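A.B. asks: Coordinates in run.cif, mmCIF, C-alpha atoms and all ligand atoms, are listed below.
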```cif
data_data
loop_
_atom_site.group_PDB
_atom_site.id
_atom_site.type_symbol
_atom_site.label_atom_id
_atom_site.label_comp_id
_atom_site.auth_asym_id
_atom_site.auth_seq_id
_atom_site.Cartn_x
_atom_site.Cartn_y
_atom_site.Cartn_z
ATOM 1 C CA MET A 1 -64.693 47.065 -62.561
ATOM 2 C CA SER A 2 -64.877 49.795 -65.173
ATOM 3 C CA THR A 3 -67.422 52.523 -64.632
ATOM 4 C CA GLU A 4 -67.338 53.577 -68.283
ATOM 5 C CA PRO A 5 -70.701 53.099 -69.916
ATOM 6 C CA VAL A 6 -70.463 50.327 -72.496
ATOM 7 C CA PRO A 7 -71.543 51.503 -75.967
ATOM 8 C CA TYR A 8 -74.464 49.539 -77.327
ATOM 9 C CA ARG A 9 -76.944 49.448 -80.147
ATOM 10 C CA VAL A 10 -80.670 48.967 -79.877
ATOM 11 C CA ARG A 11 -82.526 46.750 -82.261
ATOM 12 C CA ILE A 12 -86.312 46.585 -82.260
ATOM 13 C CA SER A 13 -87.605 43.109 -82.948
ATOM 14 C CA ASN A 14 -91.130 42.118 -83.859
ATOM 15 C CA ARG A 15 -90.526 38.635 -82.539
ATOM 16 C CA ALA A 16 -88.783 39.371 -79.240
ATOM 17 C CA ARG A 17 -90.952 38.959 -76.149
ATOM 18 C CA HIS A 18 -88.263 40.050 -73.681
ATOM 19 C CA VAL A 19 -85.162 42.201 -73.742
ATOM 20 C CA ASN A 20 -82.230 40.226 -75.052
ATOM 21 C CA LEU A 21 -78.558 41.143 -74.903
ATOM 22 C CA ARG A 22 -76.291 39.951 -77.673
ATOM 23 C CA LEU A 23 -72.546 40.277 -78.007
ATOM 24 C CA THR A 24 -70.950 39.801 -81.398
ATOM 25 C CA VAL A 25 -67.583 40.586 -82.899
ATOM 26 C CA GLN A 26 -69.208 42.688 -85.612
ATOM 27 C CA GLU A 27 -71.448 44.840 -83.505
ATOM 28 C CA GLY A 28 -70.342 44.626 -79.907
ATOM 29 C CA LEU A 29 -73.283 44.881 -77.533
ATOM 30 C CA VAL A 30 -76.743 44.817 -79.085
ATOM 31 C CA VAL A 31 -79.873 45.265 -76.994
ATOM 32 C CA VAL A 32 -82.785 43.582 -78.716
ATOM 33 C CA ILE A 33 -86.098 44.928 -77.466
ATOM 34 C CA PRO A 34 -89.712 44.047 -78.240
ATOM 35 C CA ARG A 35 -91.608 46.617 -80.280
ATOM 36 C CA GLY A 36 -93.110 49.257 -77.952
ATOM 37 C CA PHE A 37 -90.526 48.723 -75.204
ATOM 38 C CA ASP A 38 -89.595 51.949 -73.413
ATOM 39 C CA LEU A 39 -85.935 52.781 -74.078
ATOM 40 C CA LYS A 40 -85.517 54.470 -70.682
ATOM 41 C CA HIS A 41 -85.426 51.030 -69.001
ATOM 42 C CA ILE A 42 -82.312 49.963 -70.897
ATOM 43 C CA PRO A 43 -79.617 51.550 -68.657
ATOM 44 C CA SER A 44 -80.880 49.762 -65.539
ATOM 45 C CA ILE A 45 -80.998 46.440 -67.413
ATOM 46 C CA LEU A 46 -77.418 46.959 -68.545
ATOM 47 C CA GLN A 47 -76.413 47.817 -64.990
ATOM 48 C CA LYS A 48 -77.855 44.505 -63.734
ATOM 49 C CA ARG A 49 -76.089 42.525 -66.461
ATOM 50 C CA LYS A 50 -72.823 44.413 -66.184
ATOM 51 C CA GLN A 51 -70.698 41.461 -65.061
ATOM 52 C CA TRP A 52 -71.908 39.347 -67.937
ATOM 53 C CA ILE A 53 -71.385 42.162 -70.467
ATOM 54 C CA LEU A 54 -67.835 42.978 -69.370
ATOM 55 C CA ALA A 55 -66.816 39.319 -69.282
ATOM 56 C CA GLY A 56 -68.314 38.830 -72.762
ATOM 57 C CA LEU A 57 -66.607 41.918 -74.178
ATOM 58 C CA GLY A 58 -63.313 40.645 -72.796
ATOM 59 C CA ARG A 59 -63.774 37.320 -74.612
ATOM 60 C CA LEU A 60 -64.671 39.120 -77.858
ATOM 61 C CA ALA A 61 -61.579 41.315 -77.673
ATOM 62 C CA VAL A 62 -59.496 38.141 -77.627
ATOM 63 C CA GLN A 63 -61.352 36.679 -80.626
ATOM 64 C CA THR A 64 -61.231 39.797 -82.795
ATOM 65 C CA PRO A 65 -58.242 39.693 -85.115
ATOM 66 C CA LEU A 66 -56.179 42.859 -84.994
ATOM 67 C CA GLY A 67 -56.891 45.205 -87.858
ATOM 68 C CA SER A 68 -59.953 43.346 -89.049
ATOM 69 C CA CYS A 69 -62.257 45.832 -90.640
ATOM 70 C CA PRO A 70 -65.711 46.177 -89.074
ATOM 71 C CA LEU A 71 -68.687 44.986 -91.064
ATOM 72 C CA PRO A 72 -70.710 47.765 -92.690
ATOM 73 C CA GLU A 73 -73.840 49.247 -91.139
ATOM 74 C CA GLN A 74 -74.522 51.051 -94.379
ATOM 75 C CA LEU A 75 -73.669 50.630 -98.039
ATOM 76 C CA VAL A 76 -73.473 53.865 -99.999
ATOM 77 C CA LEU A 77 -73.803 52.809 -103.620
ATOM 78 C CA PRO A 78 -74.143 55.728 -106.057
ATOM 79 C CA LEU A 79 -76.105 53.711 -108.639
ATOM 80 C CA LEU A 80 -78.497 52.188 -106.084
ATOM 81 C CA GLY A 81 -78.654 54.658 -103.211
ATOM 82 C CA THR A 82 -77.920 54.045 -99.547
ATOM 83 C CA TRP A 83 -78.703 50.674 -97.981
ATOM 84 C CA THR A 84 -78.855 49.974 -94.285
ATOM 85 C CA VAL A 85 -77.394 46.594 -93.385
ATOM 86 C CA VAL A 86 -79.130 44.640 -90.623
ATOM 87 C CA TYR A 87 -77.496 41.478 -89.292
ATOM 88 C CA GLY A 88 -79.306 38.515 -87.847
ATOM 89 C CA GLU A 89 -82.588 39.105 -89.656
ATOM 90 C CA ARG A 90 -84.253 37.426 -92.583
ATOM 91 C CA GLY A 91 -86.597 38.753 -95.210
ATOM 92 C CA GLU A 92 -86.716 41.808 -97.422
ATOM 93 C CA LYS A 93 -87.265 45.465 -96.700
ATOM 94 C CA PRO A 94 -86.927 48.479 -98.975
ATOM 95 C CA ASN A 95 -83.387 49.850 -98.914
ATOM 96 C CA GLN A 96 -82.447 47.458 -96.133
ATOM 97 C CA LEU A 97 -80.161 44.549 -96.683
ATOM 98 C CA LEU A 98 -81.048 41.843 -94.178
ATOM 99 C CA ILE A 99 -78.234 39.396 -93.486
ATOM 100 C CA PRO A 100 -79.540 36.192 -91.903
ATOM 101 C CA THR A 101 -76.492 35.790 -89.646
ATOM 102 C CA THR A 102 -74.260 37.800 -87.324
ATOM 103 C CA GLU A 103 -71.136 35.703 -87.938
ATOM 104 C CA ARG A 104 -68.406 37.552 -89.784
ATOM 105 C CA ALA A 105 -67.405 35.158 -92.580
ATOM 106 C CA PRO A 106 -70.951 34.163 -93.651
ATOM 107 C CA SER A 107 -72.007 37.825 -93.405
ATOM 108 C CA ILE A 108 -69.227 38.850 -95.772
ATOM 109 C CA ALA A 109 -70.114 36.002 -98.153
ATOM 110 C CA HIS A 110 -73.734 37.197 -98.117
ATOM 111 C CA LEU A 111 -72.728 40.831 -98.724
ATOM 112 C CA LYS A 112 -70.505 39.800 -101.628
ATOM 113 C CA SER A 113 -73.150 37.709 -103.317
ATOM 114 C CA TRP A 114 -75.699 40.516 -102.847
ATOM 115 C CA LEU A 115 -73.269 42.960 -104.482
ATOM 116 C CA ALA A 116 -72.689 40.536 -107.365
ATOM 117 C CA HIS A 117 -76.462 40.244 -107.830
ATOM 118 C CA GLN A 118 -76.910 44.034 -107.758
ATOM 119 C CA GLY A 119 -74.013 44.333 -110.184
ATOM 120 C CA ARG A 120 -75.838 42.076 -112.633
ATOM 121 C CA LEU A 121 -79.012 44.155 -112.225
ATOM 122 C CA HIS A 122 -77.364 47.561 -112.545
ATOM 123 C CA LEU A 123 -74.055 47.243 -114.412
ATOM 124 C CA ILE A 124 -74.972 44.909 -117.261
ATOM 125 C CA PRO A 125 -77.953 46.982 -118.534
ATOM 126 C CA ARG A 126 -75.632 50.015 -118.596
ATOM 127 C CA LEU A 127 -73.078 48.035 -120.551
ATOM 128 C CA GLN A 128 -75.825 47.079 -123.010
ATOM 129 C CA GLN A 129 -76.945 50.704 -123.356
ATOM 130 C CA ILE A 130 -73.418 51.916 -124.086
ATOM 131 C CA SER A 131 -72.909 49.027 -126.477
ATOM 132 C CA HIS A 132 -76.029 50.079 -128.418
ATOM 133 C CA ALA A 133 -75.014 53.729 -128.405
ATOM 134 C CA THR A 134 -71.432 53.087 -129.576
ATOM 135 C CA GLY A 135 -71.862 50.007 -131.750
ATOM 136 C CA LEU A 136 -69.121 48.235 -129.725
ATOM 137 C CA THR A 137 -70.549 44.764 -129.231
ATOM 138 C CA PHE A 138 -69.770 42.100 -126.656
ATOM 139 C CA THR A 139 -70.769 38.434 -126.580
ATOM 140 C CA GLN A 140 -71.334 37.895 -122.880
ATOM 141 C CA ALA A 141 -71.098 39.857 -119.628
ATOM 142 C CA THR A 142 -70.518 38.598 -116.108
ATOM 143 C CA VAL A 143 -70.106 40.277 -112.729
ATOM 144 C CA ARG A 144 -67.566 38.971 -110.240
ATOM 145 C CA GLY A 145 -65.408 40.173 -107.333
ATOM 146 C CA GLN A 146 -61.964 40.368 -108.897
ATOM 147 C CA LYS A 147 -59.196 41.412 -106.516
ATOM 148 C CA THR A 148 -57.183 43.648 -108.795
ATOM 149 C CA ARG A 149 -59.198 44.949 -111.721
ATOM 150 C CA TRP A 150 -62.412 46.815 -112.394
ATOM 151 C CA GLY A 151 -63.163 44.837 -115.495
ATOM 152 C CA SER A 152 -61.706 42.769 -118.294
ATOM 153 C CA CYS A 153 -62.506 41.769 -121.843
ATOM 154 C CA SER A 154 -61.511 38.462 -123.418
ATOM 155 C CA ARG A 155 -60.588 37.742 -127.028
ATOM 156 C CA GLN A 156 -64.071 36.309 -127.393
ATOM 157 C CA HIS A 157 -65.429 39.723 -126.324
ATOM 158 C CA HIS A 158 -66.657 38.370 -123.050
ATOM 159 C CA ILE A 159 -66.694 41.288 -120.594
ATOM 160 C CA SER A 160 -66.260 40.657 -116.905
ATOM 161 C CA LEU A 161 -67.091 43.461 -114.481
ATOM 162 C CA ASN A 162 -66.183 43.864 -110.834
ATOM 163 C CA TYR A 163 -69.099 44.422 -108.446
ATOM 164 C CA GLN A 164 -66.846 46.835 -106.538
ATOM 165 C CA LEU A 165 -67.754 49.291 -109.319
ATOM 166 C CA LEU A 166 -70.995 49.788 -107.375
ATOM 167 C CA PHE A 167 -69.021 51.864 -104.854
ATOM 168 C CA LEU A 168 -67.978 54.340 -107.571
ATOM 169 C CA THR A 169 -69.815 57.340 -108.975
ATOM 170 C CA SER A 170 -71.766 56.723 -112.156
ATOM 171 C CA ASP A 171 -69.408 58.712 -114.392
ATOM 172 C CA LEU A 172 -66.487 56.522 -113.328
ATOM 173 C CA VAL A 173 -68.567 53.394 -113.912
ATOM 174 C CA HIS A 174 -69.371 54.785 -117.347
ATOM 175 C CA TYR A 175 -65.661 55.228 -118.072
ATOM 176 C CA VAL A 176 -64.859 51.626 -117.080
ATOM 177 C CA LEU A 177 -67.685 50.266 -119.238
ATOM 178 C CA VAL A 178 -66.548 52.323 -122.252
ATOM 179 C CA HIS A 179 -62.960 51.211 -121.608
ATOM 180 C CA GLU A 180 -63.886 47.513 -121.609
ATOM 181 C CA LEU A 181 -66.096 47.873 -124.677
ATOM 182 C CA CYS A 182 -63.198 49.548 -126.541
ATOM 183 C CA HIS A 183 -61.174 46.392 -125.839
ATOM 184 C CA THR A 184 -63.569 44.516 -128.120
ATOM 185 C CA HIS A 185 -61.778 46.407 -130.934
ATOM 186 C CA GLU A 186 -58.317 46.814 -129.446
ATOM 187 C CA MET A 187 -57.119 44.071 -127.118
ATOM 188 C CA ASN A 188 -54.325 46.210 -125.618
ATOM 189 C CA HIS A 189 -53.563 49.675 -124.279
ATOM 190 C CA SER A 190 -51.929 50.942 -127.480
ATOM 191 C CA PRO A 191 -52.285 54.536 -128.742
ATOM 192 C CA ARG A 192 -54.981 53.202 -131.092
ATOM 193 C CA PHE A 193 -56.915 51.889 -128.084
ATOM 194 C CA TRP A 194 -56.675 55.223 -126.237
ATOM 195 C CA SER A 195 -57.731 57.204 -129.293
ATOM 196 C CA LEU A 196 -60.787 54.958 -129.581
ATOM 197 C CA VAL A 197 -61.584 55.633 -125.898
ATOM 198 C CA ALA A 198 -61.005 59.371 -126.514
ATOM 199 C CA SER A 199 -63.501 59.333 -129.390
ATOM 200 C CA TYR A 200 -66.212 58.516 -126.807
ATOM 201 C CA LEU A 201 -64.688 60.199 -123.758
ATOM 202 C CA PRO A 202 -62.330 63.036 -124.720
ATOM 203 C CA ASP A 203 -61.391 63.630 -121.056
ATOM 204 C CA HIS A 204 -60.580 59.986 -120.306
ATOM 205 C CA GLN A 205 -57.241 60.938 -118.696
ATOM 206 C CA ASP A 206 -59.156 62.600 -115.839
ATOM 207 C CA TYR A 207 -61.180 59.438 -115.344
ATOM 208 C CA LYS A 208 -58.060 57.283 -115.235
ATOM 209 C CA ALA A 209 -56.600 59.440 -112.480
ATOM 210 C CA ARG A 210 -59.847 59.574 -110.512
ATOM 211 C CA LEU A 211 -60.280 55.838 -110.820
ATOM 212 C CA ARG A 212 -56.887 55.273 -109.210
ATOM 213 C CA GLN A 213 -57.885 57.557 -106.336
ATOM 214 C CA SER A 214 -61.224 55.810 -105.907
ATOM 215 C CA ILE A 215 -59.622 52.707 -104.513
ATOM 216 C CA HIS A 216 -60.177 54.153 -101.018
ATOM 217 C CA LEU A 217 -63.946 53.958 -101.608
ATOM 218 C CA ILE A 218 -63.756 50.165 -101.565
ATOM 219 C CA PRO A 219 -64.487 49.041 -98.015
ATOM 220 C CA GLY A 220 -61.869 47.010 -96.185
ATOM 221 C CA TRP A 221 -64.187 44.108 -95.270
ATOM 222 C CA LEU A 222 -64.364 43.227 -98.983
ATOM 223 C CA HIS A 223 -60.727 42.147 -98.752
ATOM 224 C CA ASP A 224 -61.452 39.532 -96.083
HETATM 225 ZN ZN ZN A 301 -57.874 48.048 -120.389
#
```
Show how you would write the structure in this file as structure tokens.

C.D. replies:
Amino acid sequence: MSTEPVPYRVRISNRARHVNLRLTVQEGLVVVIPRGFDLKHIPSILQKRKQWILAGLGRLAVQTPLGSCPLPEQLVLPLLGTWTVVYGERGEKPNQLLIPTTERAPSIAHLKSWLAHQGRLHLIPRLQQISHATGLTFTQATVRGQKTRWGSCSRQHHISLNYQLLFLTSDLVHYVLVHELCHTHEMNHSPRFWSLVASYLPDHQDYKARLRQSIHLIPGWLHD
């Protein structure tokens, strides 16, 4: 048997009465302890449960698809700040996103719908502000998780924004919002369109280049 210490995480639970060990694909070994429990007892508990832990980790390794991206422990969202993600807990806490499950697929679904909700709260008011400031009007705005674009604008001037914008810095978000609003006047990427964009953002070429590079800021689990 391996003598390597198994990495683990500690989670303090208000409801736990005893120490509980949990093994999940997302997090590996989690030691759930009651509030006030002395952390120095954990290594001896793990030693006693070693057989169970190693057998469980072996089973998980088989279940984990190769290359699957780990679920986030933190979301760094420039417009909203940093959020800690806690799995397997319900409720609400400031700057903590509590996901009521530890299963991968439902966790990702929950994260995506939370991002869409935050997108509605934070992106649409910005779009409205820029619309007021520029006089470029839209009829409707929605936030979704498109695979390939940051935003779009229909002939009916319905603007659709990608919640993945929340992972970008606010100046890049601003560029995308201006870009989509300019499509309410020019439904293409003609020179006339770009000169309209340039009238609001003279350095829009820089933004275009930075936006292309920002794709690496989008976490891999979003592509599940
Ligand atoms: Zn465009």

A.B. asks: Would you compute the distance between CA of Thr139 in chain A and CA of Trp194 in chain A? Give it in Å to one decimal.

C.D. replies: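 Rounded to one decimal, the two atoms are 21.9 Å apart.
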
A.B. asks: Return as JSON, numbers by chain the set of residues that the PyMOL selection byres (((chain A and resi 115) around 10) and not hetatm) yields on the displayed structure.

C.D. replies: {"A": [77, 109, 110, 111, 112, 113, 114, 116, 117, 118, 119, 120, 121, 143, 144, 145, 162, 163, 164, 165, 166, 167]}

A.B. asks: Could you spell out the hits of the PyMOL selection byres (((not hetatm)) within 10 of (chain A and resi 301)) on the shown file, as a list of chain:residue names?

C.D. replies: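 Taken on the displayed file, the PyMOL selection byres (((not hetatm)) within 10 of (chain A and resi 301)) yields the residues A:Arg149, A:Trp150, A:Gly151, A:Ser152, A:Cys153, A:Val176, A:Val178, A:His179, A:Glu180, A:Leu181, A:Cys182, A:His183, A:Glu186, A:Met187, A:Asn188, A:His189, A:Ser190, A:Phe193, A:Trp194.
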
A.B. asks: I need the residues from that last selection saved to file as a tab-separated table (two decimals), in the frame of the given file (with C-alpha atoms), if you can.

C.D. replies:
```tsv
chain	number	residue	atom	x	y	z
A	149	ARG	CA	-59.20	44.95	-111.72
A	150	TRP	CA	-62.41	46.82	-112.39
A	151	GLY	CA	-63.16	44.84	-115.50
A	152	SER	CA	-61.71	42.77	-118.29
A	153	CYS	CA	-62.51	41.77	-121.84
A	176	VAL	CA	-64.86	51.63	-117.08
A	178	VAL	CA	-66.55	52.32	-122.25
A	179	HIS	CA	-62.96	51.21	-121.61
A	180	GLU	CA	-63.89	47.51	-121.61
A	181	LEU	CA	-66.10	47.87	-124.68
A	182	CYS	CA	-63.20	49.55	-126.54
A	183	HIS	CA	-61.17	46.39	-125.84
A	186	GLU	CA	-58.32	46.81	-129.45
A	187	MET	CA	-57.12	44.07	-127.12
A	188	ASN	CA	-54.32	46.21	-125.62
A	189	HIS	CA	-53.56	49.68	-124.28
A	190	SER	CA	-51.93	50.94	-127.48
A	193	PHE	CA	-56.92	51.89	-128.08
A	194	TRP	CA	-56.68	55.22	-126.24
```

A.B. asks: Given the file shown, determine the residues that the PyMOL selection byres (((chain A and resi 138) around 8) and not hetatm) selects; report them as a PDB file with C-alpha atoms, keeping the file's coordinate frame.

C.D. replies:
```
ATOM      1  CA  SER A 131     -72.909  49.027-126.477  1.00  0.00           C
ATOM      2  CA  LEU A 136     -69.121  48.235-129.725  1.00  0.00           C
ATOM      3  CA  THR A 137     -70.549  44.764-129.231  1.00  0.00           C
ATOM      4  CA  THR A 139     -70.769  38.434-126.580  1.00  0.00           C
ATOM      5  CA  GLN A 140     -71.334  37.895-122.880  1.00  0.00           C
ATOM      6  CA  ALA A 141     -71.098  39.857-119.628  1.00  0.00           C
ATOM      7  CA  HIS A 157     -65.429  39.723-126.324  1.00  0.00           C
ATOM      8  CA  HIS A 158     -66.657  38.370-123.050  1.00  0.00           C
ATOM      9  CA  ILE A 159     -66.694  41.288-120.594  1.00  0.00           C
ATOM     10  CA  LEU A 181     -66.096  47.873-124.677  1.00  0.00           C
ATOM     11  CA  THR A 184     -63.569  44.516-128.120  1.00  0.00           C
TER      12      THR A 184
END
```

A.B. asks: List the spatial neighbours of range 31-34 of chain A as a VMD selection string - criterion: any atom at most 7 Å away, only C-alpha atoms, same-chain residues fewer than 5 positions off excluded.

C.D. replies: chain A and resid 8 to 22

A.B. asks: Find the residue from A:Arg59, A:Lys50, A:Arg104, A:Arg192 that sits nearest to Leu71 in chain A; use only C-alpha atoms when measuring.

C.D. replies: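 Going through A:Arg59, A:Lys50, A:Arg104, A:Arg192 one by one, the smallest distance to Leu71 in chain A is for A:Arg104.
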
A.B. asks: In Å, with one decimal, what is the gap from CA of Pro202 in chain A to CA of His185 in chain A?

C.D. replies: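 CA of His185 in chain A lies at a distance of 17.8 Å from CA of Pro202 in chain A.
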
A.B. asks: Which distance in Å separates CA of Asp171 in chain A and CA of Tyr207 in chain A, to one decimal?

C.D. replies: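 Rounded to one decimal, the two atoms are 8.3 Å apart.
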
A.B. asks: Go through A:Cys69, A:Gly36, A:His122, A:Glu27 and flag the residue nearest Val85 in chain A, using all atoms listed in the file for the distances.

C.D. replies: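 For Val85 in chain A, the nearest of the candidates is A:Glu27.
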
A.B. asks: Would you compute an axis-aligned box for range 97-103 of chain A, covering every atom listed for it in the file with 4 Å of margin on each side, and report centre and edge lengths in Å to one decimal as JSON?

C.D. replies:
```
{"center_x": -76.1, "center_y": 40.1, "center_z": -92.0, "size_x": 17.9, "size_y": 16.8, "size_z": 17.4}
```

A.B. asks: Taking into account only C-alpha atoms, which residue in the set A:Tyr87, A:Pro100, A:Gln146, A:His174 is nearest to Ile124 in chain A?

C.D. replies: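 Smallest distance to Ile124 in chain A is found for A:His174.
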
A.B. asks: Can you spit out range 179-202 of chain A with N, CA and C atoms, as a PDB file, in the first residue's frame, from the structure just given?

C.D. replies:
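Result file is out.pdb:
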```pdb
ATOM      1  N   HIS A 179     -20.004  47.334 -29.233  1.00  0.00           N
ATOM      2  CA  HIS A 179     -20.011  46.633 -30.523  1.00  0.00           C
ATOM      3  C   HIS A 179     -21.434  46.179 -30.873  1.00  0.00           C
ATOM      4  N   GLU A 180     -22.090  45.507 -29.931  1.00  0.00           N
ATOM      5  CA  GLU A 180     -23.440  44.993 -30.229  1.00  0.00           C
ATOM      6  C   GLU A 180     -24.424  46.137 -30.432  1.00  0.00           C
ATOM      7  N   LEU A 181     -24.303  47.184 -29.646  1.00  0.00           N
ATOM      8  CA  LEU A 181     -25.211  48.329 -29.829  1.00  0.00           C
ATOM      9  C   LEU A 181     -25.003  48.980 -31.195  1.00  0.00           C
ATOM     10  N   CYS A 182     -23.755  49.023 -31.681  1.00  0.00           N
ATOM     11  CA  CYS A 182     -23.501  49.593 -33.015  1.00  0.00           C
ATOM     12  C   CYS A 182     -24.188  48.767 -34.106  1.00  0.00           C
ATOM     13  N   HIS A 183     -24.384  47.469 -33.839  1.00  0.00           N
ATOM     14  CA  HIS A 183     -25.097  46.634 -34.818  1.00  0.00           C
ATOM     15  C   HIS A 183     -26.571  47.031 -34.936  1.00  0.00           C
ATOM     16  N   THR A 184     -27.093  47.794 -33.995  1.00  0.00           N
ATOM     17  CA  THR A 184     -28.481  48.241 -34.166  1.00  0.00           C
ATOM     18  C   THR A 184     -28.560  49.240 -35.326  1.00  0.00           C
ATOM     19  N   HIS A 185     -27.419  49.844 -35.697  1.00  0.00           N
ATOM     20  CA  HIS A 185     -27.389  50.749 -36.853  1.00  0.00           C
ATOM     21  C   HIS A 185     -26.820  50.093 -38.094  1.00  0.00           C
ATOM     22  N   GLU A 186     -25.825  49.231 -37.883  1.00  0.00           N
ATOM     23  CA  GLU A 186     -25.159  48.574 -39.011  1.00  0.00           C
ATOM     24  C   GLU A 186     -25.136  47.076 -38.723  1.00  0.00           C
ATOM     25  N   MET A 187     -25.903  46.331 -39.521  1.00  0.00           N
ATOM     26  CA  MET A 187     -26.052  44.896 -39.237  1.00  0.00           C
ATOM     27  C   MET A 187     -24.911  44.062 -39.826  1.00  0.00           C
ATOM     28  N   ASN A 188     -23.722  44.594 -39.925  1.00  0.00           N
ATOM     29  CA  ASN A 188     -22.620  43.881 -40.586  1.00  0.00           C
ATOM     30  C   ASN A 188     -21.316  44.389 -39.987  1.00  0.00           C
ATOM     31  N   HIS A 189     -20.208  43.935 -40.547  1.00  0.00           N
ATOM     32  CA  HIS A 189     -18.901  44.436 -40.100  1.00  0.00           C
ATOM     33  C   HIS A 189     -18.249  45.258 -41.217  1.00  0.00           C
ATOM     34  N   SER A 190     -19.021  46.109 -41.830  1.00  0.00           N
ATOM     35  CA  SER A 190     -18.545  46.962 -42.931  1.00  0.00           C
ATOM     36  C   SER A 190     -17.679  48.094 -42.371  1.00  0.00           C
ATOM     37  N   PRO A 191     -16.958  48.802 -43.250  1.00  0.00           N
ATOM     38  CA  PRO A 191     -16.194  49.976 -42.777  1.00  0.00           C
ATOM     39  C   PRO A 191     -17.103  50.977 -42.050  1.00  0.00           C
ATOM     40  N   ARG A 192     -18.350  51.102 -42.515  1.00  0.00           N
ATOM     41  CA  ARG A 192     -19.266  52.034 -41.829  1.00  0.00           C
ATOM     42  C   ARG A 192     -19.523  51.603 -40.388  1.00  0.00           C
ATOM     43  N   PHE A 193     -19.662  50.267 -40.206  1.00  0.00           N
ATOM     44  CA  PHE A 193     -19.850  49.741 -38.845  1.00  0.00           C
ATOM     45  C   PHE A 193     -18.640  50.100 -37.982  1.00  0.00           C
ATOM     46  N   TRP A 194     -17.427  49.804 -38.493  1.00  0.00           N
ATOM     47  CA  TRP A 194     -16.225  50.027 -37.676  1.00  0.00           C
ATOM     48  C   TRP A 194     -16.001  51.510 -37.414  1.00  0.00           C
ATOM     49  N   SER A 195     -16.405  52.372 -38.349  1.00  0.00           N
ATOM     50  CA  SER A 195     -16.212  53.801 -38.039  1.00  0.00           C
ATOM     51  C   SER A 195     -17.224  54.258 -36.986  1.00  0.00           C
ATOM     52  N   LEU A 196     -18.391  53.626 -36.958  1.00  0.00           N
ATOM     53  CA  LEU A 196     -19.336  53.930 -35.873  1.00  0.00           C
ATOM     54  C   LEU A 196     -18.759  53.478 -34.521  1.00  0.00           C
ATOM     55  N   VAL A 197     -18.201  52.258 -34.494  1.00  0.00           N
ATOM     56  CA  VAL A 197     -17.564  51.771 -33.255  1.00  0.00           C
ATOM     57  C   VAL A 197     -16.440  52.737 -32.855  1.00  0.00           C
ATOM     58  N   ALA A 198     -15.626  53.148 -33.844  1.00  0.00           N
ATOM     59  CA  ALA A 198     -14.483  54.030 -33.556  1.00  0.00           C
ATOM     60  C   ALA A 198     -14.931  55.384 -33.018  1.00  0.00           C
ATOM     61  N   SER A 199     -16.151  55.808 -33.379  1.00  0.00           N
ATOM     62  CA  SER A 199     -16.614  57.110 -32.869  1.00  0.00           C
ATOM     63  C   SER A 199     -16.852  57.045 -31.355  1.00  0.00           C
ATOM     64  N   TYR A 200     -17.087  55.846 -30.828  1.00  0.00           N
ATOM     65  CA  TYR A 200     -17.246  55.688 -29.367  1.00  0.00           C
ATOM     66  C   TYR A 200     -15.957  55.175 -28.720  1.00  0.00           C
ATOM     67  N   LEU A 201     -15.259  54.317 -29.446  1.00  0.00           N
ATOM     68  CA  LEU A 201     -14.032  53.709 -28.915  1.00  0.00           C
ATOM     69  C   LEU A 201     -12.940  53.810 -29.973  1.00  0.00           C
ATOM     70  N   PRO A 202     -12.191  54.915 -29.980  1.00  0.00           N
ATOM     71  CA  PRO A 202     -11.184  55.103 -31.031  1.00  0.00           C
ATOM     72  C   PRO A 202     -10.146  53.964 -31.072  1.00  0.00           C
TER      73      PRO A 202
END
```
